[in-house]
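One structure is given here, and the rest of the page talks about it.
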Amino acid sequence: MSPFTGSAAPTPHWRHLRVELADGVATVTLARPDKLNALTFGAYADLRDLLAELSRARSVRALVLAGQGRGFCSGGDVEEIIGATLGLDTAQLLDFNRMTGQVVRAIRECPFPVIAAVHGVAAGAGAVLALAADFRVADPSARFAFLFTRVGLSGGDMGAAYLLPRVVGLGHATRLLLLGEPVRAPEAERIGLISELTGEGGADEAAHALARRLADGPALAHAQTKALLTAELDMPLAASVELDAATQALLMNGEDYAEFHAAFTEKRAPTWRGR
């Protein structure tokens, strides 16, 4: 993500999200607890634009995506999105669906790890937002449901048919996307959909602890690892090892690599600078 910007100033206030920044960790909270954090057109657009701004700022080294209240996110708002889309023409519907995909791409392509802190329901688009994150930290109340076929749409919404087989395998992904049945935390952990299962009510704390650990580490190494994980999903081995070689050669010229050697020699912890 290029750090170069035009005339637009950073957005001072996000109407559809709660955003907090603290020492390299961003916490982005979906904050419609009365609606189980159901997404609106504005929430999608804010997520897309916020991730682009944070990526350019270069000050964020980890991001926690959380939901306020009883659940993570119940998906698209039935009236404000599903009802509203019934009145849109094909061009407008394509614009909307491209925007939702842009949010997923922004999560995958931003240069810092994203941790979804999941409790309660993560349904529909909410399940895909969690799926797009680099880590899913969940407590026992978490349940994931890819509900798109249950409203008469393709289960492959927002990149789910691309991402889910790569996380849980084709067999589990086929079942989850075709049937739309909820997957509760124990099974989600068993099939690899959950990265870390916490105690009751512990998802937010554990997600922030992981974000702190990542933010205190070598940010450039993390960014390049995330980029390679995404880029190499569809590459042949020869292209992958060549890209790995080029990336390592660049990082070996970096300050963090030299800092590790100095810290090891001096028997101290490294001071990572992300350069």
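Just so we're on the same page: first chain in the structure tokens is A, next is B, and so on; residues restart at 1 for each chain, and ligands are numbered from 1 in the order they show up.
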
If DSSP is run on the backbone, what residues of stretch 77-235 of chain A are strand (DSSP E or B)? A reply as a short mmCIF file (atom, residue, chain, number, x, y, z; two decimals) with N, CA, C and O atoms, in the first residue's frame would be ideal.
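Below is the file part.cif, written as the result:
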```
data_model
loop_
_atom_site.label_atom_id
_atom_site.label_comp_id
_atom_site.auth_asym_id
_atom_site.auth_seq_id
_atom_site.Cartn_x
_atom_site.Cartn_y
_atom_site.Cartn_z
N VAL A 114 -4.61 -8.46 10.91
CA VAL A 114 -5.95 -8.15 11.39
C VAL A 114 -6.45 -9.33 12.21
O VAL A 114 -6.40 -10.48 11.76
N ILE A 115 -6.91 -9.04 13.42
CA ILE A 115 -7.42 -10.07 14.33
C ILE A 115 -8.90 -9.83 14.56
O ILE A 115 -9.28 -8.75 15.04
N ALA A 116 -9.74 -10.79 14.21
CA ALA A 116 -11.17 -10.69 14.50
C ALA A 116 -11.42 -11.27 15.89
O ALA A 116 -11.04 -12.41 16.17
N ALA A 117 -12.02 -10.46 16.77
CA ALA A 117 -12.39 -10.92 18.12
C ALA A 117 -13.87 -11.27 18.07
O ALA A 117 -14.72 -10.39 18.01
N VAL A 118 -14.18 -12.57 18.09
CA VAL A 118 -15.55 -13.02 17.80
C VAL A 118 -16.19 -13.59 19.06
O VAL A 118 -15.65 -14.49 19.70
N VAL A 121 -22.79 -14.22 17.55
CA VAL A 121 -23.03 -14.51 16.15
C VAL A 121 -22.04 -13.79 15.23
O VAL A 121 -21.71 -12.62 15.43
N ALA A 122 -21.54 -14.53 14.23
CA ALA A 122 -20.82 -13.96 13.09
C ALA A 122 -21.49 -14.58 11.88
O ALA A 122 -21.18 -15.70 11.49
N ALA A 123 -22.46 -13.87 11.30
CA ALA A 123 -23.31 -14.45 10.27
C ALA A 123 -23.22 -13.67 8.98
O ALA A 123 -22.99 -12.45 8.99
N PHE A 135 -6.28 -13.66 11.83
CA PHE A 135 -6.52 -14.49 13.00
C PHE A 135 -7.98 -14.32 13.40
O PHE A 135 -8.54 -13.22 13.33
N ARG A 136 -8.59 -15.42 13.87
CA ARG A 136 -9.94 -15.37 14.45
C ARG A 136 -9.83 -15.89 15.88
O ARG A 136 -9.60 -17.09 16.10
N VAL A 137 -9.95 -14.98 16.83
CA VAL A 137 -9.90 -15.32 18.25
C VAL A 137 -11.35 -15.30 18.75
O VAL A 137 -12.04 -14.29 18.60
N ALA A 138 -11.80 -16.41 19.30
CA ALA A 138 -13.22 -16.53 19.62
C ALA A 138 -13.42 -17.16 20.98
O ALA A 138 -12.59 -17.95 21.45
N ARG A 143 -20.45 -18.39 17.03
CA ARG A 143 -21.01 -19.28 16.02
C ARG A 143 -20.95 -18.56 14.67
O ARG A 143 -21.31 -17.39 14.56
N PHE A 144 -20.50 -19.29 13.68
CA PHE A 144 -20.31 -18.74 12.33
C PHE A 144 -21.37 -19.34 11.41
O PHE A 144 -21.63 -20.55 11.46
N ALA A 145 -21.96 -18.50 10.57
CA ALA A 145 -22.97 -18.99 9.63
C ALA A 145 -22.86 -18.20 8.34
O ALA A 145 -23.02 -16.97 8.34
N VAL A 183 -22.00 -22.94 12.58
CA VAL A 183 -20.91 -23.75 13.12
C VAL A 183 -20.52 -23.14 14.46
O VAL A 183 -20.08 -21.99 14.52
N ARG A 184 -20.70 -23.90 15.52
CA ARG A 184 -20.39 -23.38 16.86
C ARG A 184 -18.90 -23.52 17.15
O ARG A 184 -18.16 -24.22 16.45
N GLU A 196 -7.79 -19.25 17.73
CA GLU A 196 -7.60 -19.43 19.17
C GLU A 196 -8.96 -19.40 19.85
O GLU A 196 -9.75 -18.48 19.63
N LEU A 197 -9.25 -20.42 20.64
CA LEU A 197 -10.49 -20.49 21.40
C LEU A 197 -10.19 -20.12 22.85
O LEU A 197 -9.35 -20.74 23.49
#
```

Please provide as a list in words all residues within 10 Å of A:Leu54, with the sequence filter that same-chain residues fewer than 4 positions apart are discarded (counting only C-alpha atoms).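 Non-adjacent residues within range: Met1, Pro3, Pro10, Ala26, Asp49, Leu50, Arg58, Ser59, Val60, Arg61, Leu63, Cys110, Pro111 and Phe112 of chain A.
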
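Interatomic distance, atom CA of A:Ala223 to atom CA of A:Val168: 23.3 Å.
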
Residues at most 12 Å from stretch 258-263 of chain A, counting only C-alpha atoms, excluding those fewer than 4 positions away in the same chain, as a PyMOL selection string? chain A and resi 217-218+251-254+267-275

Please save C-alpha atoms of the selected residues as a PDB file, in the first residue's frame.
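See part_36.pdb below for the written result:
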```pdb
ATOM      1  CA  GLY A 217       7.382  -7.340  16.735  1.00  0.00           C
ATOM      2  CA  PRO A 218       9.100  -6.710  13.376  1.00  0.00           C
ATOM      3  CA  LEU A 251      14.603  -7.642   4.144  1.00  0.00           C
ATOM      4  CA  MET A 252      18.232  -8.698   4.637  1.00  0.00           C
ATOM      5  CA  ASN A 253      19.160  -5.141   3.671  1.00  0.00           C
ATOM      6  CA  GLY A 254      16.802  -3.796   6.334  1.00  0.00           C
ATOM      7  CA  LYS A 267      22.462 -10.694  24.637  1.00  0.00           C
ATOM      8  CA  ARG A 268      19.482  -8.322  24.735  1.00  0.00           C
ATOM      9  CA  ALA A 269      15.995  -8.145  23.226  1.00  0.00           C
ATOM     10  CA  PRO A 270      15.782  -6.585  19.740  1.00  0.00           C
ATOM     11  CA  THR A 271      14.330  -3.100  19.301  1.00  0.00           C
ATOM     12  CA  TRP A 272      12.245  -3.536  16.166  1.00  0.00           C
ATOM     13  CA  ARG A 273      11.791  -0.456  13.981  1.00  0.00           C
ATOM     14  CA  GLY A 274       9.774  -1.896  11.126  1.00  0.00           C
ATOM     15  CA  ARG A 275      12.439  -0.924   8.614  1.00  0.00           C
TER      16      ARG A 275
END
```

Find the residues near stretch 146-161 of chain A: any atom within 7 Å, counting only C-alpha atoms, skip ones fewer than 6 places away on the same chain, and give them as a ChimeraX atom specification. /A:100-101,104,123-124,127-128,176-178,180

Hey, what does DSSP flag as alpha helix (DSSP H) within stretch 94-255 of chain A? Can you give it to me as an MDAnalysis selection string? chainID A and resid 94:109 125:132 160:168 170:179 185:190 203:215 219:231 237:252 255

If you count only C-alpha atoms, the residue of A:Asp134, A:Glu187, A:Asp139, A:Asp95 closest to A:His222 turns out to be A:Asp134

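Atom CA of A:Val167 sits 11.8 Å away from atom CA of A:Arg190.
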
Show me, as a compact mmCIF listing (two decimals) with all heavy atoms, in the first residue's frame, the residues that have an atom within 7 Å of A:Ala125 when counting only C-alpha atoms, minus same-chain residues fewer than 3 positions from it.
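Once written, part14.txt looks like this:
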```txt
# COMPACT_ATOMS: atom_id res chain seq x y z
N GLY A 75 -24.39 -9.69 9.98
CA GLY A 75 -24.43 -9.60 8.53
C GLY A 75 -25.09 -8.33 8.05
O GLY A 75 -25.17 -7.34 8.78
N GLY A 76 -25.54 -8.34 6.82
CA GLY A 76 -26.19 -7.16 6.26
C GLY A 76 -27.54 -6.91 6.89
O GLY A 76 -28.32 -7.83 7.12
N VAL A 128 -17.87 -13.50 6.86
CA VAL A 128 -16.82 -13.29 5.86
C VAL A 128 -15.80 -12.27 6.37
O VAL A 128 -14.60 -12.41 6.12
CB VAL A 128 -17.41 -12.85 4.51
CG1 VAL A 128 -16.30 -12.70 3.48
CG2 VAL A 128 -18.43 -13.86 4.02
N LEU A 129 -16.22 -11.24 7.09
CA LEU A 129 -15.26 -10.30 7.66
C LEU A 129 -14.31 -11.03 8.59
O LEU A 129 -13.09 -10.80 8.56
CB LEU A 129 -15.98 -9.19 8.42
CG LEU A 129 -16.80 -8.19 7.60
CD1 LEU A 129 -17.42 -7.14 8.53
CD2 LEU A 129 -15.95 -7.52 6.53
```

Tell me which of A:Gly24, A:Gly202, A:Pro236, A:Pro182 sits closest to A:Ala57, counting only C-alpha atoms.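 Result for the nearest residue to A:Ala57: A:Gly24.
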
Work out how far apart atom CA of A:Phe264 and atom CA of A:Gln224 are and give it in Å to one decimal. 22.6 Å

Between A:Glu255, A:Glu181, A:Asp46, A:Glu20, which is the closest to A:Val103 once you count only C-alpha atoms? A:Asp46

Could you give me, as a PyMOL selection string, the residues within 9 Å of A:Asp34, counting only C-alpha atoms and dropping anything in the same chain fewer than 3 positions from it? chain A and resi 31+37-38+69-70

My list of candidates is A:Leu229, A:Leu47, A:Asp256, A:Thr265. Which is closest to A:Asp244 when distances are computed with only C-alpha atoms?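 Checking each of A:Leu229, A:Leu47, A:Asp256, A:Thr265 against A:Asp244, counting only C-alpha atoms, the winner is A:Leu229.
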
Select, from A:Val78, A:Phe4, A:Val64, A:His172, the residue with the minimum atom-to-atom distance to A:Ala130, counting only C-alpha atoms.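 Closest to A:Ala130 of all the choices is A:Val64.
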